[in-house]
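J.: The following file, model_30.tsv, comprises TSV, C-alpha atoms and all ligand atoms:
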```tsv
chain	number	residue	atom	x	y	z
Z	22	MET	CA	36.59	-21.99	34.69
Z	23	SER	CA	37.30	-20.49	31.31
Z	24	GLN	CA	34.93	-18.00	29.81
Z	25	THR	CA	34.47	-17.47	26.11
Z	26	ALA	CA	34.95	-13.81	25.15
Z	27	THR	CA	31.67	-12.36	23.89
Z	28	SER	CA	30.88	-9.12	22.14
Z	29	ARG	CA	27.71	-7.08	22.29
Z	30	VAL	CA	28.39	-5.78	18.81
Z	31	GLN	CA	25.78	-7.14	16.39
Z	32	GLU	CA	27.21	-8.54	13.20
Z	33	HIS	CA	23.85	-8.31	11.46
Z	34	ILE	CA	20.85	-6.15	12.05
Z	35	GLY	CA	17.40	-6.80	10.68
Z	36	ASP	CA	15.54	-4.26	8.62
Z	37	PRO	CA	11.91	-4.23	9.77
Z	38	VAL	CA	10.69	-2.57	6.58
Z	39	ALA	CA	12.67	-4.05	3.72
Z	40	ASP	CA	12.30	-7.57	2.42
Z	41	ASP	CA	16.02	-8.15	3.00
Z	42	SER	CA	16.21	-9.53	6.50
Z	43	ALA	CA	19.76	-8.70	7.47
Z	44	VAL	CA	22.28	-5.96	6.89
Z	45	ASP	CA	25.91	-6.81	7.50
Z	46	ARG	CA	28.34	-4.68	9.43
Z	47	GLY	CA	30.16	-3.57	6.29
Z	48	LYS	CA	26.95	-2.00	5.01
Z	49	LEU	CA	26.30	-0.32	8.37
Z	50	LYS	CA	29.80	1.17	8.25
Z	51	GLU	CA	29.29	2.33	4.67
Z	52	ILE	CA	26.07	4.09	5.65
Z	53	PHE	CA	27.68	5.78	8.64
Z	54	ASN	CA	30.71	6.80	6.57
Z	55	ASP	CA	28.38	8.45	4.06
Z	56	ILE	CA	26.77	10.47	6.85
Z	57	GLN	CA	30.06	11.31	8.56
Z	58	SER	CA	31.98	12.23	5.42
Z	59	ASP	CA	29.51	14.93	4.43
Z	60	PHE	CA	31.18	18.34	4.79
Z	61	ARG	CA	28.32	19.55	7.01
Z	62	TYR	CA	28.80	16.81	9.59
Z	63	ASP	CA	31.63	18.44	11.54
Z	64	HIS	CA	29.76	21.73	11.69
Z	65	GLU	CA	26.64	20.09	13.00
Z	66	LEU	CA	28.10	17.76	15.60
Z	67	ASN	CA	30.55	19.17	18.12
Z	68	GLY	CA	29.92	16.83	21.03
Z	69	CYS	CA	26.89	16.04	23.13
Z	70	LEU	CA	26.15	16.57	26.80
Z	71	ASN	CA	23.10	14.33	26.59
Z	72	CYS	CA	21.31	17.20	28.33
Z	73	GLY	CA	18.06	16.76	26.40
Z	74	ILE	CA	17.46	20.46	25.75
Z	75	CYS	CA	16.96	19.68	22.06
Z	76	THR	CA	14.30	17.09	22.84
Z	77	ALA	CA	12.58	19.34	25.37
Z	78	THR	CA	12.11	22.02	22.71
Z	79	CYS	CA	11.41	19.70	19.76
Z	80	PRO	CA	7.80	19.80	18.49
Z	81	ALA	CA	8.13	16.39	16.84
Z	82	ALA	CA	9.26	14.82	20.12
Z	83	HIS	CA	6.06	16.11	21.64
Z	84	TYR	CA	3.89	14.08	19.27
Z	85	TYR	CA	5.98	11.11	18.19
Z	86	ASP	CA	8.22	8.44	19.63
Z	87	PHE	CA	11.19	10.53	18.56
Z	88	SER	CA	14.06	12.29	20.31
Z	89	PRO	CA	16.76	14.42	18.68
Z	90	ARG	CA	18.92	13.79	21.77
Z	91	GLU	CA	18.77	10.09	21.06
Z	92	ILE	CA	19.71	10.60	17.39
Z	93	VAL	CA	22.66	12.83	18.27
Z	94	GLN	CA	23.84	10.33	20.88
Z	95	LEU	CA	23.71	7.52	18.31
Z	96	LEU	CA	25.91	9.54	15.97
Z	97	TRP	CA	28.24	10.79	18.71
Z	98	THR	CA	28.83	7.26	20.04
Z	99	GLU	CA	28.96	5.86	16.48
Z	100	ASN	CA	26.32	3.30	17.27
Z	101	LEU	CA	26.02	1.83	13.78
Z	102	GLU	CA	23.12	-0.49	14.52
Z	103	GLY	CA	21.17	2.24	16.30
Z	104	ILE	CA	21.82	4.72	13.48
Z	105	TYR	CA	20.55	2.24	10.92
Z	106	ASP	CA	17.56	1.44	13.06
Z	107	ALA	CA	16.68	5.15	13.49
Z	108	MET	CA	16.87	5.56	9.71
Z	109	GLN	CA	14.03	3.06	9.29
Z	110	GLU	CA	11.47	5.38	10.83
Z	111	LYS	CA	12.46	7.89	13.51
Z	112	ILE	CA	14.40	10.32	11.36
Z	113	TRP	CA	11.30	10.96	9.26
Z	114	ALA	CA	9.43	12.43	12.24
Z	115	CYS	CA	11.60	15.58	12.29
Z	116	ALA	CA	9.84	18.75	11.09
Z	117	GLN	CA	13.14	20.43	10.13
Z	118	CYS	CA	12.24	23.49	12.19
Z	119	TYR	CA	15.78	23.78	13.68
Z	120	THR	CA	14.56	24.86	17.11
Z	121	CYS	CA	17.02	22.27	18.43
Z	122	ALA	CA	19.94	23.94	16.63
Z	123	ALA	CA	19.06	27.28	18.18
Z	124	ARG	CA	19.01	25.81	21.70
Z	125	CYS	CA	21.83	23.26	21.85
Z	126	PRO	CA	24.58	24.47	24.23
Z	127	PHE	CA	27.14	22.60	22.13
Z	128	GLY	CA	26.13	24.34	18.93
Z	129	ASN	CA	24.97	21.08	17.40
Z	130	SER	CA	22.27	20.94	14.79
Z	131	PRO	CA	20.27	17.78	15.44
Z	132	GLY	CA	17.86	18.77	12.65
Z	133	GLY	CA	20.80	19.21	10.26
Z	134	LEU	CA	22.24	15.82	11.23
Z	135	ILE	CA	18.85	14.25	10.63
Z	136	MET	CA	18.81	15.81	7.19
Z	137	LEU	CA	22.16	14.11	6.45
Z	138	MET	CA	20.71	10.80	7.61
Z	139	ARG	CA	17.68	11.31	5.36
Z	140	GLU	CA	19.86	12.09	2.36
Z	141	THR	CA	21.88	8.96	3.09
Z	142	ALA	CA	18.70	6.88	3.40
Z	143	ILE	CA	17.69	8.11	-0.06
Z	144	LYS	CA	21.14	7.44	-1.48
Z	145	HIS	CA	20.98	3.86	-0.23
Z	146	GLY	CA	17.43	3.38	-1.50
Z	147	MET	CA	16.10	2.47	1.94
Z	148	GLU	CA	12.47	1.38	2.04
Z	149	SER	CA	11.72	4.04	4.66
Z	150	ALA	CA	12.81	6.77	2.21
Z	151	LYS	CA	10.75	5.25	-0.60
Z	152	ASN	CA	7.67	5.02	1.60
Z	153	VAL	CA	7.99	8.57	2.88
Z	154	LEU	CA	8.58	10.10	-0.55
Z	155	ARG	CA	6.02	8.08	-2.53
Z	156	PRO	CA	3.06	10.44	-1.79
Z	157	PHE	CA	5.16	13.36	-3.01
Z	158	SER	CA	5.85	11.99	-6.49
Z	159	ARG	CA	3.71	14.66	-8.17
Z	160	VAL	CA	5.47	17.43	-6.25
Z	161	MET	CA	8.85	15.93	-7.20
Z	162	LEU	CA	7.77	15.68	-10.84
Z	163	LYS	CA	6.92	19.37	-10.99
Z	164	LEU	CA	9.80	20.49	-8.84
Z	165	ILE	CA	12.42	18.63	-10.86
Z	166	SER	CA	10.95	19.29	-14.29
Z	167	THR	CA	10.08	22.98	-13.79
Z	168	GLY	CA	11.98	24.14	-10.69
Z	169	ASN	CA	8.65	25.08	-9.11
Z	170	GLN	CA	6.18	22.93	-7.29
Z	171	LEU	CA	2.83	24.47	-6.49
Z	172	SER	CA	1.34	27.89	-6.73
Z	173	PRO	CA	-1.94	28.82	-5.09
Z	174	ASP	CA	-4.13	28.73	-8.18
Z	175	MET	CA	-3.09	25.14	-8.82
Z	176	ILE	CA	-4.66	23.94	-5.59
Z	177	THR	CA	-8.06	23.22	-7.03
Z	178	ALA	CA	-10.53	20.36	-6.91
Z	179	ASP	CA	-9.66	19.43	-10.51
Z	180	GLY	CA	-5.95	19.42	-9.91
Z	181	PHE	CA	-6.15	17.40	-6.71
Z	182	ALA	CA	-9.02	15.01	-7.16
Z	183	ASP	CA	-7.33	12.58	-4.80
Z	184	TRP	CA	-7.68	15.07	-1.94
Z	185	GLY	CA	-11.43	14.56	-2.04
Z	186	PRO	CA	-13.98	17.13	-0.82
Z	187	ASN	CA	-11.54	18.63	1.69
Z	188	ILE	CA	-9.86	20.56	-1.12
Z	189	SER	CA	-12.77	23.00	-1.09
Z	190	LYS	CA	-11.76	24.15	2.40
Z	191	ILE	CA	-8.53	25.63	1.12
Z	192	ASP	CA	-9.32	26.11	-2.58
Z	193	ALA	CA	-11.14	29.45	-2.68
Z	194	PRO	CA	-9.77	31.15	0.45
Z	195	LEU	CA	-6.17	30.56	-0.57
Z	196	GLU	CA	-6.37	32.64	-3.71
Z	197	ILE	CA	-8.12	35.45	-1.87
Z	198	LEU	CA	-5.65	35.28	0.97
Z	199	ARG	CA	-2.63	35.33	-1.36
Z	200	LYS	CA	-4.03	38.37	-3.12
Z	201	ALA	CA	-4.66	40.06	0.19
Z	202	ILE	CA	-1.10	39.34	1.37
Z	203	PRO	CA	0.98	39.56	-1.80
Z	204	MET	CA	4.48	38.20	-1.72
Z	205	PRO	CA	6.85	38.51	-4.68
Z	206	THR	CA	7.35	34.77	-5.00
Z	207	LEU	CA	3.62	34.18	-5.24
Z	208	ASN	CA	3.09	36.47	-8.22
Z	209	THR	CA	3.76	33.49	-10.43
Z	210	THR	CA	0.42	31.77	-10.04
Z	211	LYS	CA	-0.18	31.73	-13.80
Z	212	THR	CA	3.34	30.97	-14.88
Z	213	ALA	CA	5.01	28.77	-12.28
Z	214	TRP	CA	5.16	25.75	-14.57
Z	215	GLU	CA	5.93	27.66	-17.77
Z	216	VAL	CA	9.66	27.82	-17.49
Z	217	ASN	CA	11.94	29.31	-20.11
Z	218	LEU	CA	13.61	26.55	-22.17
Z	219	LYS	CA	17.16	27.66	-21.46
Z	220	THR	CA	16.43	27.91	-17.74
Z	221	SER	CA	14.90	24.42	-17.79
Z	222	VAL	CA	17.93	22.90	-19.44
Z	223	GLU	CA	20.28	24.66	-17.01
Z	224	LEU	CA	18.16	23.31	-14.18
Z	225	TYR	CA	18.42	19.75	-15.55
Z	226	THR	CA	22.20	20.09	-15.69
Z	227	ILE	CA	22.20	21.08	-12.02
Z	228	TRP	CA	20.07	18.04	-11.11
Z	229	GLU	CA	22.48	15.80	-13.02
Z	230	GLU	CA	25.71	17.31	-11.71
Z	231	THR	CA	24.58	17.36	-8.09
Z	232	GLY	CA	23.41	13.74	-8.11
Z	233	VAL	CA	19.73	14.57	-7.59
Z	234	LEU	CA	18.73	12.48	-10.60
Z	235	ASP	CA	20.80	9.52	-9.41
Z	236	GLN	CA	19.02	9.72	-6.06
Z	237	LEU	CA	15.65	9.87	-7.78
Z	238	GLU	CA	16.48	6.77	-9.80
Z	239	THR	CA	17.34	4.97	-6.57
Z	240	ILE	CA	14.04	5.69	-4.89
Z	241	ASP	CA	11.55	5.82	-7.80
Z	242	GLU	CA	12.59	4.38	-11.14
Z	243	ASN	CA	9.25	5.08	-12.85
Z	244	LEU	CA	9.29	8.74	-11.89
Z	245	PHE	CA	12.93	8.91	-12.99
Z	246	ASP	CA	11.90	7.61	-16.45
Z	247	VAL	CA	9.07	10.13	-16.76
Z	248	ILE	CA	11.31	13.03	-15.75
Z	249	THR	CA	14.21	12.06	-18.00
Z	250	ASP	CA	11.74	11.85	-20.94
Z	251	ILE	CA	10.58	15.38	-20.15
Z	252	MET	CA	14.20	16.55	-19.91
Z	253	ASP	CA	15.08	14.99	-23.27
Z	254	GLU	CA	12.09	16.65	-24.90
Z	255	ARG	CA	12.94	20.06	-23.47
Z	256	ARG	CA	16.55	19.71	-24.55
Z	257	ASP	CA	15.43	18.83	-28.09
Z	258	ASP	CA	13.07	21.82	-28.05
Z	259	LEU	CA	15.91	24.10	-27.04
Z	260	GLU	CA	18.16	22.77	-29.80
Z	261	ASP	CA	15.40	23.25	-32.36
Z	262	TRP	CA	14.82	26.78	-31.13
Z	263	LEU	CA	18.54	27.61	-31.33
Z	264	GLU	CA	18.71	26.21	-34.86
Z	265	GLU	CA	15.73	28.33	-35.84
Z	266	GLN	CA	17.49	31.40	-34.47
Z	267	GLU	CA	20.59	30.61	-36.49
Z	268	ASP	CA	18.51	30.08	-39.65
Z	269	ASP	CA	16.81	33.42	-39.10
Z	270	GLU	CA	20.18	35.15	-38.79
Z	271	ASP	CA	21.47	33.66	-42.09
B	301	LIG	S1	22.42	17.70	20.97
B	301	LIG	FE1	22.82	19.48	22.27
B	301	LIG	S2	20.87	19.94	23.27
B	301	LIG	FE2	20.74	17.85	22.45
B	301	LIG	S3	21.35	16.49	24.13
B	301	LIG	FE3	23.20	16.91	22.94
B	301	LIG	S4	24.15	18.70	23.88
B	301	LIG	FE4	22.03	18.59	24.68
B	302	LIG	S1	14.62	20.33	13.55
B	302	LIG	FE1	13.67	18.32	13.92
B	302	LIG	S2	14.76	17.54	15.70
B	302	LIG	FE2	15.13	19.75	15.65
B	302	LIG	S3	13.55	20.68	16.92
B	302	LIG	FE3	12.77	20.70	14.83
B	302	LIG	S4	11.60	18.80	14.62
B	302	LIG	FE4	12.90	18.57	16.44
```
Before we go any further, please render this structure as structure tokens.
Ligand code: SF4
Ligand code: SF4

T.:
Amino acid sequence: MSQTATSRVQEHIGDPVADDSAVDRGKLKEIFNDIQSDFRYDHELNGCLNCGICTATCPAAHYYDFSPREIVQLLWTENLEGIYDAMQEKIWACAQCYTCAARCPFGNSPGGLIMLMRETAIKHGMESAKNVLRPFSRVMLKLISTGNQLSPDMITADGFADWGPNISKIDAPLEILRKAIPMPTLNTTKTAWEVNLKTSVELYTIWEETGVLDQLETIDENLFDVITDIMDERRDDLEDWLEEQEDDED
């Protein structure tokens, strides 16, 4: 009796979050190649004993259906479908504490590998990345346009109306606490968003050259438009200021 050869390799895998129902194998390979070709990959994955020490010490594994051992195994065995599947949800459970990296007997960094997977999810505009990052659009706006995100005196009821009455629990004590425990980086409470024009423009060049802006456009086009408008304005302001300086010198 003849038997037809079968393969357990899936040609298509469904995406439970996106509207597109199937992802072909070429796309799965492209995604894995993007993860694997990152220069950090070889430093962060040296092999895997499947010992589970990383998962045993992982705080996220304690609370979620998530295991760094499982993620590392997927990468080590180049399980393209499993990698794609994990990128839909599981990779976003990691707290990036790197306890796993400190404990792995192989010197792997599961947390670092997860970061590569997250960056790749953003690059490919996966729905999971969009969903996770959507609540942080205001932080991204400030971080990308000024280089700073929040300072303690900005955490106020007025500034965060959407946080509701709970803001009062951290509003007042934070300022007092920061004053009581001063740290150099927190001395900027009044000036964190007032960035020197030249510094701003240099920062924008970094975002452009490193591909941060391209990634932003992939995951949030509206925010990308707002930020590029701000960048254009600041660049114009700098040019005007430089022209004024030249006029003054003449
Ligand atoms: S990544 Fe390291 S700690 Fe985790 S299962 Fe593999 S060898 Fe063990
Ligand atoms: S970095 Fe992520 S995977 Fe590693 S121990 Fe922390 S939460 Fe777990």

J.: Write out as a count of residues only which residues come within 10 Å of Ile248 in chain Z when counting only C-alpha atoms, dropping same-chain ones fewer than 5 positions away.

T.: 12

J.: Around ligand LIG 301 (chain B), out to 12 Å and counting all atoms listed in the file, which residues are there? I want them as a PDB file with C-alpha atoms, in the frame of the given file.

T.:
```pdb
ATOM      1  CA  GLU Z  65      26.640  20.090  13.000  1.00  0.00           C
ATOM      2  CA  LEU Z  66      28.100  17.760  15.600  1.00  0.00           C
ATOM      3  CA  ASN Z  67      30.550  19.170  18.120  1.00  0.00           C
ATOM      4  CA  GLY Z  68      29.920  16.830  21.030  1.00  0.00           C
ATOM      5  CA  CYS Z  69      26.890  16.040  23.130  1.00  0.00           C
ATOM      6  CA  LEU Z  70      26.150  16.570  26.800  1.00  0.00           C
ATOM      7  CA  ASN Z  71      23.100  14.330  26.590  1.00  0.00           C
ATOM      8  CA  CYS Z  72      21.310  17.200  28.330  1.00  0.00           C
ATOM      9  CA  GLY Z  73      18.060  16.760  26.400  1.00  0.00           C
ATOM     10  CA  ILE Z  74      17.460  20.460  25.750  1.00  0.00           C
ATOM     11  CA  CYS Z  75      16.960  19.680  22.060  1.00  0.00           C
ATOM     12  CA  THR Z  76      14.300  17.090  22.840  1.00  0.00           C
ATOM     13  CA  ALA Z  77      12.580  19.340  25.370  1.00  0.00           C
ATOM     14  CA  THR Z  78      12.110  22.020  22.710  1.00  0.00           C
ATOM     15  CA  CYS Z  79      11.410  19.700  19.760  1.00  0.00           C
ATOM     16  CA  SER Z  88      14.060  12.290  20.310  1.00  0.00           C
ATOM     17  CA  PRO Z  89      16.760  14.420  18.680  1.00  0.00           C
ATOM     18  CA  ARG Z  90      18.920  13.790  21.770  1.00  0.00           C
ATOM     19  CA  GLU Z  91      18.770  10.090  21.060  1.00  0.00           C
ATOM     20  CA  ILE Z  92      19.710  10.600  17.390  1.00  0.00           C
ATOM     21  CA  VAL Z  93      22.660  12.830  18.270  1.00  0.00           C
ATOM     22  CA  GLN Z  94      23.840  10.330  20.880  1.00  0.00           C
ATOM     23  CA  LEU Z  95      23.710   7.520  18.310  1.00  0.00           C
ATOM     24  CA  LEU Z  96      25.910   9.540  15.970  1.00  0.00           C
ATOM     25  CA  TRP Z  97      28.240  10.790  18.710  1.00  0.00           C
ATOM     26  CA  THR Z  98      28.830   7.260  20.040  1.00  0.00           C
ATOM     27  CA  TYR Z 119      15.780  23.780  13.680  1.00  0.00           C
ATOM     28  CA  THR Z 120      14.560  24.860  17.110  1.00  0.00           C
ATOM     29  CA  CYS Z 121      17.020  22.270  18.430  1.00  0.00           C
ATOM     30  CA  ALA Z 122      19.940  23.940  16.630  1.00  0.00           C
ATOM     31  CA  ALA Z 123      19.060  27.280  18.180  1.00  0.00           C
ATOM     32  CA  ARG Z 124      19.010  25.810  21.700  1.00  0.00           C
ATOM     33  CA  CYS Z 125      21.830  23.260  21.850  1.00  0.00           C
ATOM     34  CA  PRO Z 126      24.580  24.470  24.230  1.00  0.00           C
ATOM     35  CA  PHE Z 127      27.140  22.600  22.130  1.00  0.00           C
ATOM     36  CA  GLY Z 128      26.130  24.340  18.930  1.00  0.00           C
ATOM     37  CA  ASN Z 129      24.970  21.080  17.400  1.00  0.00           C
ATOM     38  CA  SER Z 130      22.270  20.940  14.790  1.00  0.00           C
ATOM     39  CA  PRO Z 131      20.270  17.780  15.440  1.00  0.00           C
ATOM     40  CA  GLY Z 132      17.860  18.770  12.650  1.00  0.00           C
ATOM     41  CA  GLY Z 133      20.800  19.210  10.260  1.00  0.00           C
ATOM     42  CA  LEU Z 134      22.240  15.820  11.230  1.00  0.00           C
ATOM     43  CA  ILE Z 135      18.850  14.250  10.630  1.00  0.00           C
TER      44      ILE Z 135
END
```

J.: Figure out the distance between CA of Gln117 in chain Z and CA of Lys48 in chain Z, please, to one decimal in Å.

T.: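 It comes out at 26.8 Å.
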
J.: So how many Å separate CA of Glu140 in chain Z and CA of Val216 in chain Z, to one decimal?

T.: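 Those two atoms sit 27.3 Å apart.
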
J.: So, with only C-alpha atoms and all ligand atoms as the atoms that count, which of Z:Pro186, Z:Gly103, Z:Ile112, Z:Val44 lies closest to ligand LIG 302 (chain B)?

T.: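 With only C-alpha atoms and all ligand atoms as the atom set, the closest residue is Z:Ile112.
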
J.: Tell me, as a PyMOL selection string, which residues lie within 8 Å of Leu218 in chain Z, counting only C-alpha atoms; anything in the same chain fewer than 3 positions away does not count.

T.: chain Z and resi 221-222+255-256+258-259

J.: From the set Z:Lys111, Z:Tyr62, Z:Ala116, Z:Lys50, which residue has the shortest atom-to-atom contact distance to ligand LIG 302 (chain B), counting only C-alpha atoms and all ligand atoms?

T.: Z:Ala116

J.: Quick one: of Z:Ile143, Z:Ala82, Z:Ile227, Z:Ile56, who's nearest to Cys115 in chain Z, counting only C-alpha atoms?

T.: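 Among the listed residues, Z:Ala82 lies closest to Cys115 in chain Z.
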
J.: Which residue gives the smallest distance to ligand LIG 302 (chain B) among Z:Val247, Z:Tyr84, Z:Glu270, Z:Asp261, with all atoms listed in the file counted?

T.: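 Ranked by minimum distance to ligand LIG 302 (chain B), first place goes to Z:Tyr84.
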
J.: Have a look at CA of Ser58 in chain Z and CA of Asp241 in chain Z and let me know their distance in Å, one decimal.

T.: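 Interatomic distance here is 25.2 Å.
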
J.: Which residue is closest to ligand LIG 302 (chain B)? Choose from Z:Leu244, Z:Ile52, Z:Asp257, Z:Trp113 and count all atoms listed in the file.

T.: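 Among the listed residues, the smallest separation from ligand LIG 302 (chain B) belongs to Z:Trp113.
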